[in-house]
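Read through the structure below, which is laid out as structure tokens, and then see the notes.
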Amino acid sequence: MNIFHGRIMKYTKTTSCLLTTTRYLLLGMGLLLASGAFNNAFSFEDDEGCLMCHKYPMMGRITDDGVKRLYYVMPNVYQRTVHRNVPCGDCHSYIKELPHKPVKEGVTCNSECHSIKNPATGKQFSHKVIYDAYKQSIHGRSKAAEGPDADKPYCITCHSNPLYNPAEAAPPKHIVDRCVVCHEDRKFAERWYNHTSRRIREVRRTSEEIVHLCSSCHGNKELVEKHVDLAKAENRDLGKKFSVAVTSYKESFHGKLTQYGFKKTANCLNCHAQEKNYFRSVHEIRPSRDPLSPVHKDNKLETCQQCHVHADENFVNIDPHPTSHRGDNPFRYYAETIYNFVSEIVIAGLVGISLFETFGRKRDGAAWRLKFGSTWRRKSKHGRDRVV
Amino acid sequence: MILSDEAKNVLETSMRQNKITDDEREEVLQLIAGLPDDRVLLYKNVVSNPIGDLPRYSIHIRIQHMLTFVTFLTLAFTGLPIHFGEAFWAQPFNSILGGVEITRIIHRTLASIMIFSMIYHLFTITFGALWQLKRGRFDIRRTVIPLWKDVRDFNEDVLYFAGKRTQRPEMDKFMYKQKIHYFAAAFGNMVMIISGSTFLFPEFWAAILPGSLTSYFQELMRLSHPHEALLALLVIAFWHWYNVHLAPGRFPMQWTFLTGKITREHQIEEHFLEYLRNLVEIPRERALLRDMLESRELLVTQNDDVKPVTDTAGLS
């Protein structure tokens, strides 16, 4: 019993020691976290005090629809986003008091920023111009759209606001040092540096990324079929290539080269948006039946000539979305069928002839010999053999 | 050996074209008369140097073959990963040579070399034929031009391999298989050049073709380029490499594409008519053949009194 009791005592001492260590470790981690939270609290200006509540991780709720919503704002992440200088209230303008009531309407991207002024015009800054262009496009929809329109992309479908410019975390000191000579406020100089440098650097999506982005909807078979059926039921016209847009692009030279990261060949937007007003036009994608579309029959030549400078009116007859579907392109379908048939016959015939010859030659006494490559070593069935 | 009328004609033509002396003529006829009737026995009993005994291809043809062979395989290596971009092997194959930015340059450069090789070949065969005509030595049967005889040879050869004939047909310098292969390659080359040019210069083709045909032509070329490439690769792998590497008796390889020479046994077996010309054109070959057959007691001499000397005089 004593021995047993001693063992328990020993075990208890060890546990106690571990607990003490853990306690100190937790205390240390707590201090670290607290210092982090302290830093985060000042990582961007939160004059409205939103982070009083939204700084707490796991802050969220489950909606009546059973959807888990997370309201935690990570200050150190938010400070790297393009909206870091926009106070929360500029977009969440419906919040008038704190603590606020449950939010019923979401943020739309056409709100006017109350705190940011367009330095060129002196007016309040807004994405309204782009938003209006988007509304004119085939993709345009309201944020609260329901039914088939709800499948269309809204601003944040494409603009996921990625943190793709980590260099902004530390603007080059030798540049900011110059700015602060006159502009005094270092933070202001750093913000301006980041803002302008982001636009100077090439942050446009690569061709592969553009194709990937467009394919996320246009390559979604279920979604495409749903819209094809819907258009049929409503007797609406969809583009001839609507249902094969992605597969046919991937079969084209443009698609095959883009897949390998080649930058000089056309991606979706090179043809479906206007190059001369690219950054607005990509928001204003129109179907080919729309006379304003770059791929409308009247505009196709000009669009092709962006790259194929010597293209003439015949050139636009070439299909940039080739497929071998019988319904889409019967000529190609039958041509490919004939090609495949002929190829299979030829290969089967040649293999057959080779096998036939092999048996014939072996019967004649020819053998596979590695050395000297000489042949007539076996006994032939004809009895006419080499005299040894 | 009693020659067929066809072989007699070839022999007589060769002797006339080479303007051999009467003594040489007598020697050739005596030798041929003494050959065993069974050609199988003949080609099984000659001695051959594996790297070749008798002239077949000039240095020009060998250079052209080498250029076409290297460019074709590299073109396939750089082109197929683009067409079959979704296949599991495409990305690594493409990366080996530095990605599409590099392979597209390699592909076009090699295509130019292949086209050069084709033009070089056309010059060679055209001026080669003109030179032979000028010397009075041209014989259409010795060229790669298909003749009705090739159809008969194919039929006879199939029957031989099926065991229905005792002898392979007397074939010329280029047998039916080589002619098929040559024209298949020539056709394939043209298809690849034209279709490749439609990818490189689509504006040019659109400009010269009627508007109603532009799209169909481009569609056809888009299909033809990869299909023809794949077909050519499979034909090379399953047929050409079989014929020159894997067939019993040719294994492990024929050296002709490097040395330009063909082995004696191969020449007698598959190109007997050309071998008759060799006997006329190469005096040393007559002596060698005589020695080989005498050592194996296969040469029928005049003293054996079994058959008369072949008379070709009446055929000239």
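Each chain in the structure tokens gets a letter, A, B and so on, in the order shown; residues start at 1 in every chain, and ligands are counted from 1 in the order they appear.
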
### Message
At a cut-off of 7 Å, which residues of chain A touch chain B? Count only C-alpha atoms and give the answer as JSON, numbers by chain.
### Response
{"A": [256, 260, 262, 310, 311, 312, 314, 315, 317, 318, 319, 332, 336, 343, 347, 350, 351, 354, 357, 358, 360, 361, 362, 366, 367, 368, 369, 370, 372, 373, 374, 375, 376, 384, 385, 386, 387]}

### Task
Using only C-alpha atoms, determine which residues lie at most 6 Å from segment 70-72 of chain A, disregarding the query and same-chain residues fewer than 4 positions distant; provide the list as an NGL selection string.
:A and (54-55 or 57 or 59-60)

### Query
Smallest atom-to-atom distance to Asp364 of chain A: which of A:Tyr333, A:Val86, A:Leu98, A:His382, using only C-alpha atoms?
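Ranked by minimum distance to Asp364 of chain A, first place goes to A:His382.
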
Shell of 12 Å around Arg108 of chain B, only C-alpha atoms, local chain residues under 4 positions omitted, as a short mmCIF file (atom, residue, chain, number, x, y, z; two decimals) with N, CA and C atoms, in the first residue's frame:
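Wrote it out as part_37.cif, contents follow:
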```cif
data_model
loop_
_atom_site.label_atom_id
_atom_site.label_comp_id
_atom_site.auth_asym_id
_atom_site.auth_seq_id
_atom_site.Cartn_x
_atom_site.Cartn_y
_atom_site.Cartn_z
N THR B 71 14.22 16.06 -87.34
CA THR B 71 13.23 17.14 -87.22
C THR B 71 11.84 16.57 -86.97
N PHE B 72 11.52 15.49 -87.63
CA PHE B 72 10.17 14.93 -87.46
C PHE B 72 9.91 14.53 -86.00
N THR B 74 11.47 15.51 -83.29
CA THR B 74 11.47 16.67 -82.39
C THR B 74 10.23 17.53 -82.61
N LEU B 75 9.78 17.60 -83.84
CA LEU B 75 8.54 18.34 -84.11
C LEU B 75 7.37 17.67 -83.38
N ALA B 76 7.36 16.35 -83.44
CA ALA B 76 6.29 15.62 -82.74
C ALA B 76 6.41 15.84 -81.23
N THR B 78 7.63 18.39 -79.67
CA THR B 78 7.25 19.75 -79.25
C THR B 78 5.80 20.08 -79.60
N GLY B 79 5.24 19.37 -80.57
CA GLY B 79 3.88 19.71 -81.00
C GLY B 79 2.78 18.95 -80.28
N VAL B 100 6.24 26.36 -73.45
CA VAL B 100 5.73 26.69 -74.78
C VAL B 100 6.42 27.92 -75.39
N GLU B 101 6.94 28.79 -74.55
CA GLU B 101 7.66 29.96 -75.05
C GLU B 101 8.88 29.53 -75.87
N ILE B 102 9.48 28.42 -75.45
CA ILE B 102 10.69 27.92 -76.12
C ILE B 102 10.29 26.93 -77.22
N THR B 103 9.37 26.02 -76.89
CA THR B 103 9.07 24.94 -77.85
C THR B 103 8.46 25.48 -79.14
N ARG B 104 7.72 26.59 -79.04
CA ARG B 104 7.14 27.15 -80.27
C ARG B 104 8.23 27.66 -81.21
N SER B 112 11.15 24.63 -90.48
CA SER B 112 11.88 25.25 -91.59
C SER B 112 12.95 24.30 -92.11
N ILE B 113 13.64 23.62 -91.18
CA ILE B 113 14.69 22.69 -91.59
C ILE B 113 14.07 21.51 -92.35
N MET B 114 12.91 21.08 -91.89
CA MET B 114 12.24 19.96 -92.56
C MET B 114 11.83 20.37 -93.99
N ILE B 115 11.36 21.58 -94.11
CA ILE B 115 10.97 22.07 -95.44
C ILE B 115 12.21 22.17 -96.33
N MET B 192 1.44 18.58 -93.53
CA MET B 192 1.96 19.26 -92.34
C MET B 192 2.43 20.67 -92.67
N ILE B 193 3.04 20.84 -93.82
CA ILE B 193 3.54 22.17 -94.19
C ILE B 193 2.37 23.12 -94.43
N GLY B 196 0.40 23.58 -91.14
CA GLY B 196 1.22 24.38 -90.21
C GLY B 196 1.24 25.84 -90.61
N SER B 197 1.30 26.07 -91.92
CA SER B 197 1.34 27.47 -92.39
C SER B 197 0.01 28.18 -92.13
N PHE B 199 -1.63 27.89 -89.45
CA PHE B 199 -1.59 28.35 -88.05
C PHE B 199 -0.68 29.57 -87.92
N LEU B 200 0.39 29.53 -88.70
CA LEU B 200 1.38 30.61 -88.59
C LEU B 200 0.92 31.85 -89.37
#
```
